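Beneath this line is the structure, given in structure tokens, with notes to follow.
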Protein chains: 2
Amino acid sequence: MRTGRTTTTASAPDVLARVREIVGAENVLVDADKVEPYAQDAVKEKFPPEAVVLPQTAEEIAAIMRLANERLFPVTARGGGVGYSGGAVPVDGGIVIGTDRMNQIREINVNDSYVVTEPGVTTYALQQAVEEHGLFYPPDPASYKNSYIGGNIAENAGGMRSAKYGVTKHYVLGLEVVTPTGEIMRTGGRVSKNVVGFDLTGLICGSEGMLGIITEATLKLLPLPEATRTVRATFKTMTEACACVPRFNRARVVPVAIEVLDRNSIRAVETEYAFGLDADAGALLLVAVDGHVAEVERAAQIVEQVVREGGGYDVLRAATREDEEKLWDVRRALSPAIKRFGTMKFNEDVVVPRSRVPELIERVEEIGREFDTFVVNFGHAGDGNIHVNFMCDRDDRDAMQRARAAVRATFAIAVALGGTISGEHGIGYVKAPYIDMALDAATIAAMKRIKHALDPNGILNPGKMFV
Amino acid sequence: MRTGRTTTTASAPDVLARVREIVGAENVLVDADKVEPYAQDAVKEKFPPEAVVLPQTAEEIAAIMRLANERLFPVTARGGGVGYSGGAVPVDGGIVIGTDRMNQIREINVNDSYVVTEPGVTTYALQQAVEEHGLFYPPDPASYKNSYIGGNIAENAGGMRSAKYGVTKHYVLGLEVVTPTGEIMRTGGRVSKNVVGFDLTGLICGSEGMLGIITEATLKLLPLPEATRTVRATFKTMTEACACVPRFNRARVVPVAIEVLDRNSIRAVETEYAFGLDADAGALLLVAVDGHVAEVERAAQIVEQVVREGGGYDVLRAATREDEEKLWDVRRALSPAIKRFGTMKFNEDVVVPRSRVPELIERVEEIGREFDTFVVNFGHAGDGNIHVNFMCDRDDRDAMQRARAAVRATFAIAVALGGTISGEHGIGYVKAPYIDMALDAATIAAMKRIKHALDPNGILNPGKMFV
């Protein structure tokens, strides 16, 4: 992997001329200042592409892909550019295909509960559009206001609601995909039961833009829940807080979201914003339920009872939408609150079986002490997906090195506890050096065989997932 | 594809000797009467294997696969042998690997809501085992008493409950798989959020035993719903009945199951069993809801109101478990009731967007008349997955040919209505001649490339899916 701007055949004048013919000269960017916004994602490391192409149709993308195979330059597709693993970043140079202009919702079908959309629609815009029809698209990655649906699918995005509703792949019924060799294929369809051939729809979900470029998606929708309720509580220990999680299920409640904040998270938000939280608390739980008005009330009461019996204190149960928003302010305050602990945040998203979360966090705290790095843990207790944030100064070489060592140690712990190294962010180039900690050689070999079978020239998003 | 018993290198004495070394002589069957039970599935066409091997471990299966690649004979894995597309049938001869002895549930984890199982456990046994712990495995293919979990995963089995709970693939967290070339790989894990590498777990689900042999599965479980309620109603027309389906959702009820019977189905069960149904009815709906006791009562009332407002009559709402079972007797009576219409049942399971079901059934009735073949339609109105059963006499060549033509015409209609040719049964060898009606050339080419990449010698389950 090279840093900085790389030159490939994509920069050849005849190649650029043909690209301009395909999509129109006004939709090809080559000036350094114009391509700069397409050089990075949320990891904030810059790899400027040689050209950015902004097509509007699958046919245009297919033509670009055929040209790329002819002249052997890399192509990387990009959605909202808000990923945390570098999936949309052209680490080996070449062309970035921006999907910004493919931003139309093509159909919202109320009777059959699906939406057909282009890839460049933001998650938020899609959710708003379907909610107007009483429908609900549950996946809600934290970046939903800026992330594109195409990127959500390519990364199999998760979010808070996955405790009840699952992740993006559970909602993708069908795709139109431009293959790495430039054909347009349709996978799946508009029906929720479909066993015709291998599940290419599922394979493309989470393939990180390495097996095809998504040009249209058909997504399953649910009826919009009538109401939500939230319960917040603090606990003396993380173990007590996490022990509540299976008890909700035993009481036959499946919360939409079960978010947890660890000791350092609580202190950070309290120091910065003075919410009135107990600064000595070991954990804070935020539990949301949804459903019919009558049911959510009952479910919220059960949640309250479970957390009280489980050692929760300062328990708050919101009765109105406004009160509910206030309870969640603590969670929203986290990212800004921890910024003062360093200019660089190693934002990892390991996942373990949910009963192992207390052990994970205990071990991560030890790792923080061992490598002298401030660490904040929070995330999705309902599915064991914890965001581990090691904070340090970007210009302090030694601190950066210690933080990287802490990250590797954390991954080892997650795997040892029966989990894995990423629940939401994906591998990209950022976690590629660690993939063999999570997968055995036979599994990686099978993935590489599939990649080579579909992309024999290695055109699509090189430098990712495998090293 | 050849019929009858085929001879390959699998029958060579040295090969059989090595197979006996691997699994023990007592676990290798070669006598005609011993292999006969492994020659067919529910399609009831016989393709006897040269040998049946009954291993107990992934290592034994891996050794068989390496031998098969060395000597180039076909291997076909088999679960309960109750499929409807011939997926477990060795059409090109070779060895059948029976998973009957791999029938242990390895772990039921209540706190983390998963079960780890060997592939040879029946769906029913697994459901019973987890329900003892208050947990719930929703997928319920009709053959659940005899189908194996391994087969369910290989075929991505559906069932009645999929209207609310989805299909098998939504519950598979991780797999241990023997690859076609004889390695053991682990995909996914024990966590519900996992974006490390391509989703091989999803790819294996529904791959019909062509990409690997499942030797262990980790399945996600839900809390067991407290109660269910059922509402039954007849309608003058199929259009009226199906128009209720999106209305349940609009009333914010997501039924577990929405089963529909068409005119001929109603007449068949009424003639045979005299349930007291209106023999002139155009459709019958069975709608089940589940959840907390208080909630199901309310939900069932909403369902009743929706069907009454939608033209439903003879509406029954069961208040007890016994009453509920009685309402479902009509559905259970269907298969025996239609047997008198022919010794051969072409049992197809097309799927269309659910709003198109009335049109599908109308067109299928026309096809029945055109090809002079009695046809019964019933199935899952909630997800548009309709079982179209053309009945004829197995010994009547002309009638058989007309029925086959009717099947092809039905597939064409399903695709034209925005659906596809199989929602649950898969392709196998039975529907392989039709797959190009449902998938475009680029999509089929991608599937073949994946198959070839993972199984370069074409060892695993040849003669399936593609022709």
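Just so we're on the same page: first chain in the structure tokens is A, next is B, and so on; residues restart at 1 for each chain, and ligands are numbered from 1 in the order they show up.
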Checklist entry - If you count only C-alpha atoms, which residues fall within 9 Å of Cys392 in chain B, apart from same-chain ones fewer than 3 positions away, as an NGL selection string? => result :B and (341-346 or 373-374 or 395-396 or 399-400 or 403)
Checklist entry - range 169-276 of chain B: which residues are alpha helix (DSSP H) by DSSP, as number ranges by chain? => result B: 200-204, 238-250, 263-273
Store the residues picked out above, limited to C-alpha atoms, as a PDB file, in the first residue's frame.
```pdb
ATOM      1  CA  LEU B 200     -19.428 -17.137   3.233  1.00  0.00           C
ATOM      2  CA  THR B 201     -22.044 -18.174   5.787  1.00  0.00           C
ATOM      3  CA  GLY B 202     -24.661 -16.519   3.621  1.00  0.00           C
ATOM      4  CA  LEU B 203     -23.196 -17.998   0.458  1.00  0.00           C
ATOM      5  CA  ILE B 204     -23.340 -21.556   1.839  1.00  0.00           C
ATOM      6  CA  MET B 238     -58.977 -14.507  -3.956  1.00  0.00           C
ATOM      7  CA  THR B 239     -58.591 -10.794  -4.659  1.00  0.00           C
ATOM      8  CA  GLU B 240     -60.587  -9.914  -1.548  1.00  0.00           C
ATOM      9  CA  ALA B 241     -58.600 -12.351   0.601  1.00  0.00           C
ATOM     10  CA  CYS B 242     -55.180 -11.126  -0.559  1.00  0.00           C
ATOM     11  CA  ALA B 243     -56.186  -7.472  -0.263  1.00  0.00           C
ATOM     12  CA  CYS B 244     -56.279  -8.029   3.525  1.00  0.00           C
ATOM     13  CA  VAL B 245     -52.555  -8.812   3.696  1.00  0.00           C
ATOM     14  CA  PRO B 246     -51.103  -5.279   3.402  1.00  0.00           C
ATOM     15  CA  ARG B 247     -53.985  -4.041   5.585  1.00  0.00           C
ATOM     16  CA  PHE B 248     -52.695  -6.082   8.534  1.00  0.00           C
ATOM     17  CA  ASN B 249     -49.410  -4.237   8.212  1.00  0.00           C
ATOM     18  CA  ARG B 250     -51.148  -0.901   7.858  1.00  0.00           C
ATOM     19  CA  ARG B 263     -61.154 -22.478  -4.591  1.00  0.00           C
ATOM     20  CA  ASN B 264     -59.983 -25.964  -5.609  1.00  0.00           C
ATOM     21  CA  SER B 265     -58.189 -26.435  -2.288  1.00  0.00           C
ATOM     22  CA  ILE B 266     -61.342 -25.578  -0.354  1.00  0.00           C
ATOM     23  CA  ARG B 267     -63.455 -27.939  -2.451  1.00  0.00           C
ATOM     24  CA  ALA B 268     -60.902 -30.742  -2.119  1.00  0.00           C
ATOM     25  CA  VAL B 269     -60.746 -30.635   1.692  1.00  0.00           C
ATOM     26  CA  GLU B 270     -64.506 -30.081   1.959  1.00  0.00           C
ATOM     27  CA  THR B 271     -65.304 -33.045  -0.313  1.00  0.00           C
ATOM     28  CA  GLU B 272     -62.939 -35.295   1.578  1.00  0.00           C
ATOM     29  CA  TYR B 273     -63.439 -34.168   5.183  1.00  0.00           C
TER      30      TYR B 273
END
```
Next on the checklist: At a cut-off of 12 Å, using only C-alpha atoms, what residues contact Arg449 in chain A? Leave out same-chain residues fewer than 4 positions from it and give the result as an NGL selection string.
Outcome noted: (:A and (211 or 442-445 or 453-456 or 458 or 466)) or (:B and (198 or 200 or 449-456))
Okay, now the selection with N, CA, C and O atoms, as an mmCIF file, in the first residue's frame?
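Output file out.cif is given in full below:
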```cif
data_model
loop_
_atom_site.group_PDB
_atom_site.id
_atom_site.type_symbol
_atom_site.label_atom_id
_atom_site.label_comp_id
_atom_site.auth_asym_id
_atom_site.auth_seq_id
_atom_site.Cartn_x
_atom_site.Cartn_y
_atom_site.Cartn_z
ATOM 1 N N LEU A 211 -16.388 -7.057 -5.010
ATOM 2 C CA LEU A 211 -16.977 -8.063 -5.902
ATOM 3 C C LEU A 211 -17.964 -7.469 -6.896
ATOM 4 O O LEU A 211 -18.488 -8.193 -7.760
ATOM 5 N N ALA A 442 -8.060 -21.679 5.561
ATOM 6 C CA ALA A 442 -8.962 -22.255 4.557
ATOM 7 C C ALA A 442 -10.071 -21.264 4.201
ATOM 8 O O ALA A 442 -10.492 -21.175 3.039
ATOM 9 N N THR A 443 -10.544 -20.523 5.202
ATOM 10 C CA THR A 443 -11.623 -19.563 4.971
ATOM 11 C C THR A 443 -11.129 -18.392 4.137
ATOM 12 O O THR A 443 -11.791 -17.966 3.177
ATOM 13 N N ILE A 444 -9.953 -17.885 4.466
ATOM 14 C CA ILE A 444 -9.369 -16.782 3.688
ATOM 15 C C ILE A 444 -9.097 -17.251 2.250
ATOM 16 O O ILE A 444 -9.369 -16.527 1.290
ATOM 17 N N ALA A 445 -8.607 -18.474 2.113
ATOM 18 C CA ALA A 445 -8.324 -19.012 0.773
ATOM 19 C C ALA A 445 -9.602 -19.069 -0.058
ATOM 20 O O ALA A 445 -9.599 -18.709 -1.245
ATOM 21 N N ALA A 453 -12.111 -15.300 -8.957
ATOM 22 C CA ALA A 453 -13.043 -15.814 -9.963
ATOM 23 C C ALA A 453 -13.882 -14.696 -10.573
ATOM 24 O O ALA A 453 -14.173 -14.703 -11.770
ATOM 25 N N LEU A 454 -14.274 -13.717 -9.744
ATOM 26 C CA LEU A 454 -15.139 -12.652 -10.233
ATOM 27 C C LEU A 454 -14.353 -11.447 -10.738
ATOM 28 O O LEU A 454 -14.869 -10.655 -11.519
ATOM 29 N N ASP A 455 -13.122 -11.314 -10.296
ATOM 30 C CA ASP A 455 -12.305 -10.137 -10.651
ATOM 31 C C ASP A 455 -10.894 -10.598 -10.990
ATOM 32 O O ASP A 455 -9.935 -10.310 -10.268
ATOM 33 N N PRO A 456 -10.757 -11.327 -12.113
ATOM 34 C CA PRO A 456 -9.463 -11.966 -12.415
ATOM 35 C C PRO A 456 -8.326 -10.971 -12.558
ATOM 36 O O PRO A 456 -7.173 -11.310 -12.285
ATOM 37 N N GLY A 458 -8.101 -8.177 -10.801
ATOM 38 C CA GLY A 458 -7.918 -7.433 -9.556
ATOM 39 C C GLY A 458 -8.175 -5.940 -9.690
ATOM 40 O O GLY A 458 -7.473 -5.118 -9.114
ATOM 41 N N PHE A 466 -7.437 -8.331 2.276
ATOM 42 C CA PHE A 466 -6.325 -9.278 2.396
ATOM 43 C C PHE A 466 -5.009 -8.506 2.225
ATOM 44 O O PHE A 466 -4.961 -7.523 1.503
ATOM 45 N N PHE B 198 -15.753 -11.741 3.275
ATOM 46 C CA PHE B 198 -17.009 -11.972 2.550
ATOM 47 C C PHE B 198 -17.933 -12.859 3.386
ATOM 48 O O PHE B 198 -17.470 -13.676 4.188
ATOM 49 N N LEU B 200 -19.378 -15.749 3.706
ATOM 50 C CA LEU B 200 -19.428 -17.137 3.233
ATOM 51 C C LEU B 200 -20.569 -17.904 3.896
ATOM 52 O O LEU B 200 -21.131 -18.824 3.291
ATOM 53 N N ARG B 449 -18.850 -19.246 -12.028
ATOM 54 C CA ARG B 449 -17.461 -18.903 -11.716
ATOM 55 C C ARG B 449 -17.148 -19.212 -10.248
ATOM 56 O O ARG B 449 -16.072 -19.709 -9.922
ATOM 57 N N ILE B 450 -18.102 -18.923 -9.382
ATOM 58 C CA ILE B 450 -17.902 -19.211 -7.959
ATOM 59 C C ILE B 450 -17.830 -20.717 -7.733
ATOM 60 O O ILE B 450 -16.965 -21.216 -7.015
ATOM 61 N N LYS B 451 -18.735 -21.445 -8.364
ATOM 62 C CA LYS B 451 -18.721 -22.907 -8.239
ATOM 63 C C LYS B 451 -17.371 -23.466 -8.696
ATOM 64 O O LYS B 451 -16.745 -24.277 -8.001
ATOM 65 N N HIS B 452 -16.913 -23.019 -9.844
ATOM 66 C CA HIS B 452 -15.660 -23.544 -10.386
ATOM 67 C C HIS B 452 -14.468 -23.155 -9.493
ATOM 68 O O HIS B 452 -13.539 -23.949 -9.302
ATOM 69 N N ALA B 453 -14.512 -21.958 -8.932
ATOM 70 C CA ALA B 453 -13.405 -21.503 -8.077
ATOM 71 C C ALA B 453 -13.280 -22.370 -6.834
ATOM 72 O O ALA B 453 -12.176 -22.666 -6.379
ATOM 73 N N LEU B 454 -14.410 -22.775 -6.273
ATOM 74 C CA LEU B 454 -14.372 -23.543 -5.027
ATOM 75 C C LEU B 454 -14.331 -25.047 -5.282
ATOM 76 O O LEU B 454 -13.921 -25.806 -4.403
ATOM 77 N N ASP B 455 -14.780 -25.479 -6.443
ATOM 78 C CA ASP B 455 -14.871 -26.913 -6.742
ATOM 79 C C ASP B 455 -14.360 -27.164 -8.156
ATOM 80 O O ASP B 455 -15.112 -27.522 -9.054
ATOM 81 N N PRO B 456 -13.037 -26.960 -8.354
ATOM 82 C CA PRO B 456 -12.496 -27.001 -9.721
ATOM 83 C C PRO B 456 -12.715 -28.340 -10.426
ATOM 84 O O PRO B 456 -12.833 -28.383 -11.644
#
```
Contacts of chain B with chain A up to 7 Å, shortest pair per row, only C-alpha atoms, as CSV:
```
residue,atom,partner,partner_atom,distance
B:Asn111,CA,A:Pro246,CA,5.3
B:Asp112,CA,A:Arg354,CA,5.9
B:Asn156,CA,A:Val195,CA,7.0
B:His170,CA,A:His170,CA,6.8
B:Glu183,CA,A:Ala442,CA,6.4
B:Ile184,CA,A:Ala442,CA,6.8
B:Met185,CA,A:Thr443,CA,5.2
B:Arg186,CA,A:Thr443,CA,6.4
B:Thr187,CA,A:Thr443,CA,6.8
B:Arg190,CA,A:Pro353,CA,6.4
B:Val191,CA,A:Pro353,CA,5.5
B:Ser192,CA,A:Asp383,CA,6.5
B:Lys193,CA,A:Gly423,CA,4.7
B:Asn194,CA,A:Gly423,CA,4.4
B:Val195,CA,A:Gly426,CA,5.2
B:Val196,CA,A:Gly426,CA,6.0
B:Gly197,CA,A:Met465,CA,6.7
B:Phe198,CA,A:Ser207,CA,5.2
B:Asp199,CA,A:Leu203,CA,5.6
B:Gly202,CA,A:Gly202,CA,5.8
B:Leu203,CA,A:Asp199,CA,5.6
B:Gly206,CA,A:Phe198,CA,6.3
B:Ser207,CA,A:Phe198,CA,5.2
B:Pro223,CA,A:Asn249,CA,5.7
B:Pro246,CA,A:Asn111,CA,5.2
B:Asn249,CA,A:Pro223,CA,5.7
B:Arg250,CA,A:Pro223,CA,6.7
B:Arg252,CA,A:Pro223,CA,5.8
B:Val352,CA,A:Val191,CA,6.3
B:Pro353,CA,A:Val191,CA,5.5
B:Arg354,CA,A:Asp112,CA,5.9
B:Ser355,CA,A:Asp112,CA,6.1
B:Asp383,CA,A:Ser192,CA,6.5
B:Gly418,CA,A:Arg190,CA,6.9
B:Gly419,CA,A:Val191,CA,6.5
B:Ser422,CA,A:Val195,CA,5.8
B:Gly423,CA,A:Asn194,CA,4.4
B:Glu424,CA,A:Val195,CA,6.0
B:Gly426,CA,A:Val195,CA,5.2
B:Ile427,CA,A:Val196,CA,6.2
B:Asp440,CA,A:Met185,CA,7.0
B:Ala442,CA,A:Met185,CA,5.3
B:Thr443,CA,A:Met185,CA,5.2
B:Ala446,CA,A:Leu454,CA,6.7
B:Met447,CA,A:Phe198,CA,6.4
B:Arg449,CA,A:Ala453,CA,5.7
B:Ile450,CA,A:Ile450,CA,5.7
B:Ala453,CA,A:Arg449,CA,5.7
B:Leu454,CA,A:Ala446,CA,6.7
B:Met465,CA,A:Gly197,CA,6.7
```
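When only C-alpha atoms are used to measure the gap to Ala409 in chain A, the shortest distance among A:Val388, A:Ile367, A:Ile361, A:Arg394 belongs to A:Ile367.
Our summary of the geometry notes that CA of Asn347 in chain B is positioned 7.7 Å from CA of Tyr84 in chain B.
Taking CA of Val172 in chain A as the reference point, CA of Leu219 in chain A is found at 4.7 Å.
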6 Å contact set for Thr117 in chain A, only C-alpha atoms, chain neighbours under 2 positions out, as a PDB file with C-alpha atoms, in the first residue's frame:
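For reference, around.pdb as written:
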```
ATOM      1  CA  ILE A 105     -35.602   6.572  -5.003  1.00  0.00           C
ATOM      2  CA  ARG A 106     -37.215   4.693  -7.865  1.00  0.00           C
ATOM      3  CA  GLU A 216     -29.758  -0.400  -7.574  1.00  0.00           C
ATOM      4  CA  ALA A 217     -31.130  -2.026  -4.440  1.00  0.00           C
TER       5      ALA A 217
END
```
Item to check | Long-range neighbours of Gly379 in chain A as a PyMOL selection string, 8 Å cut-off, only C-alpha atoms, 3 positions minimum in chain | outcome: chain A and resi 259-261+385-387
Hey, can you spit out that residue selection with N, CA, C and O atoms as a tab-separated table (two decimals), in the first residue's frame?
```
chain	number	residue	atom	x	y	z
A	259	GLU	N	-27.91	0.07	24.67
A	259	GLU	CA	-26.61	0.71	24.56
A	259	GLU	C	-25.95	0.78	25.92
A	259	GLU	O	-26.62	1.04	26.94
A	260	VAL	N	-24.64	0.57	25.93
A	260	VAL	CA	-23.92	0.62	27.21
A	260	VAL	C	-22.76	1.61	27.12
A	260	VAL	O	-22.14	1.77	26.06
A	261	LEU	N	-22.51	2.31	28.22
A	261	LEU	CA	-21.34	3.21	28.34
A	261	LEU	C	-20.51	2.71	29.52
A	261	LEU	O	-21.07	2.35	30.56
A	385	ASN	N	-21.54	-5.90	20.46
A	385	ASN	CA	-20.71	-5.12	19.54
A	385	ASN	C	-20.25	-3.83	20.23
A	385	ASN	O	-21.02	-2.89	20.38
A	386	ILE	N	-19.01	-3.83	20.70
A	386	ILE	CA	-18.50	-2.74	21.53
A	386	ILE	C	-17.51	-1.87	20.76
A	386	ILE	O	-16.60	-2.38	20.10
A	387	HIS	N	-17.74	-0.56	20.86
A	387	HIS	CA	-16.81	0.37	20.24
A	387	HIS	C	-15.72	0.70	21.26
A	387	HIS	O	-15.99	1.30	22.29
```
Next on the checklist: For Thr230 in chain A, find every residue with an atom within 8 Å (counting only C-alpha atoms), except residues of its own chain fewer than 6 positions away, and show them as a PyMOL selection string.
Outcome noted: chain A and resi 286-289+300+317-318+324+327
Generate the output file for the selected residues, N, CA, C and O atoms, as a CSV table (one decimal), in the first residue's frame.
```csv
chain,number,residue,atom,x,y,z
A,286,LEU,N,-28.8,2.3,28.3
A,286,LEU,CA,-29.9,2.9,27.7
A,286,LEU,C,-30.6,1.8,26.9
A,286,LEU,O,-30.1,1.2,26.0
A,287,VAL,N,-31.9,1.6,27.3
A,287,VAL,CA,-32.7,0.6,26.7
A,287,VAL,C,-33.9,1.1,26.0
A,287,VAL,O,-34.7,1.8,26.7
A,288,ALA,N,-34.1,0.9,24.8
A,288,ALA,CA,-35.3,1.4,24.0
A,288,ALA,C,-36.1,0.2,23.6
A,288,ALA,O,-35.6,-0.8,23.2
A,289,VAL,N,-37.4,0.4,23.7
A,289,VAL,CA,-38.4,-0.6,23.2
A,289,VAL,C,-39.3,0.1,22.3
A,289,VAL,O,-39.5,1.3,22.3
A,300,ALA,N,-41.7,-1.2,28.7
A,300,ALA,CA,-40.7,-0.3,29.4
A,300,ALA,C,-40.8,-0.5,30.9
A,300,ALA,O,-39.8,-0.4,31.6
A,317,ARG,N,-37.3,6.6,33.4
A,317,ARG,CA,-38.1,6.0,32.3
A,317,ARG,C,-38.9,7.2,31.6
A,317,ARG,O,-39.7,7.9,32.3
A,318,ALA,N,-38.6,7.4,30.3
A,318,ALA,CA,-39.2,8.6,29.7
A,318,ALA,C,-40.6,8.3,29.3
A,318,ALA,O,-40.9,7.2,28.8
A,324,GLU,N,-37.5,11.3,26.2
A,324,GLU,CA,-36.7,10.2,25.7
A,324,GLU,C,-35.5,10.8,25.0
A,324,GLU,O,-34.4,10.3,25.2
A,327,LEU,N,-32.8,11.6,27.4
A,327,LEU,CA,-32.0,10.4,27.9
A,327,LEU,C,-30.9,10.0,27.0
A,327,LEU,O,-29.8,9.6,27.4
```
If we count only C-alpha atoms and set the cut-off at 9 Å, which residues sit around Leu360 in chain A, ignoring sequence neighbours fewer than 2 positions away in its own chain? Please answer as a compact mmCIF listing (two decimals) with C-alpha atoms, in the first residue's frame.
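Final output, saved to part-v4.txt:
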```
# COMPACT_ATOMS: atom_id res chain seq x y z
CA VAL A 352 -18.17 -10.86 21.40
CA ARG A 356 -18.67 -11.78 27.48
CA VAL A 357 -18.93 -7.99 27.25
CA PRO A 358 -17.94 -7.34 30.92
CA GLU A 362 -12.20 -5.43 31.84
CA ARG A 363 -9.46 -6.81 29.60
CA VAL A 364 -9.50 -3.72 27.38
CA GLU A 365 -9.08 -1.52 30.47
CA ILE A 386 -18.50 -2.74 21.53
CA THR A 410 -7.83 -5.94 21.85
CA ILE A 413 -9.00 -10.69 23.29
CA ALA A 414 -12.18 -10.36 21.21
CA LEU A 417 -13.68 -14.55 23.92
```
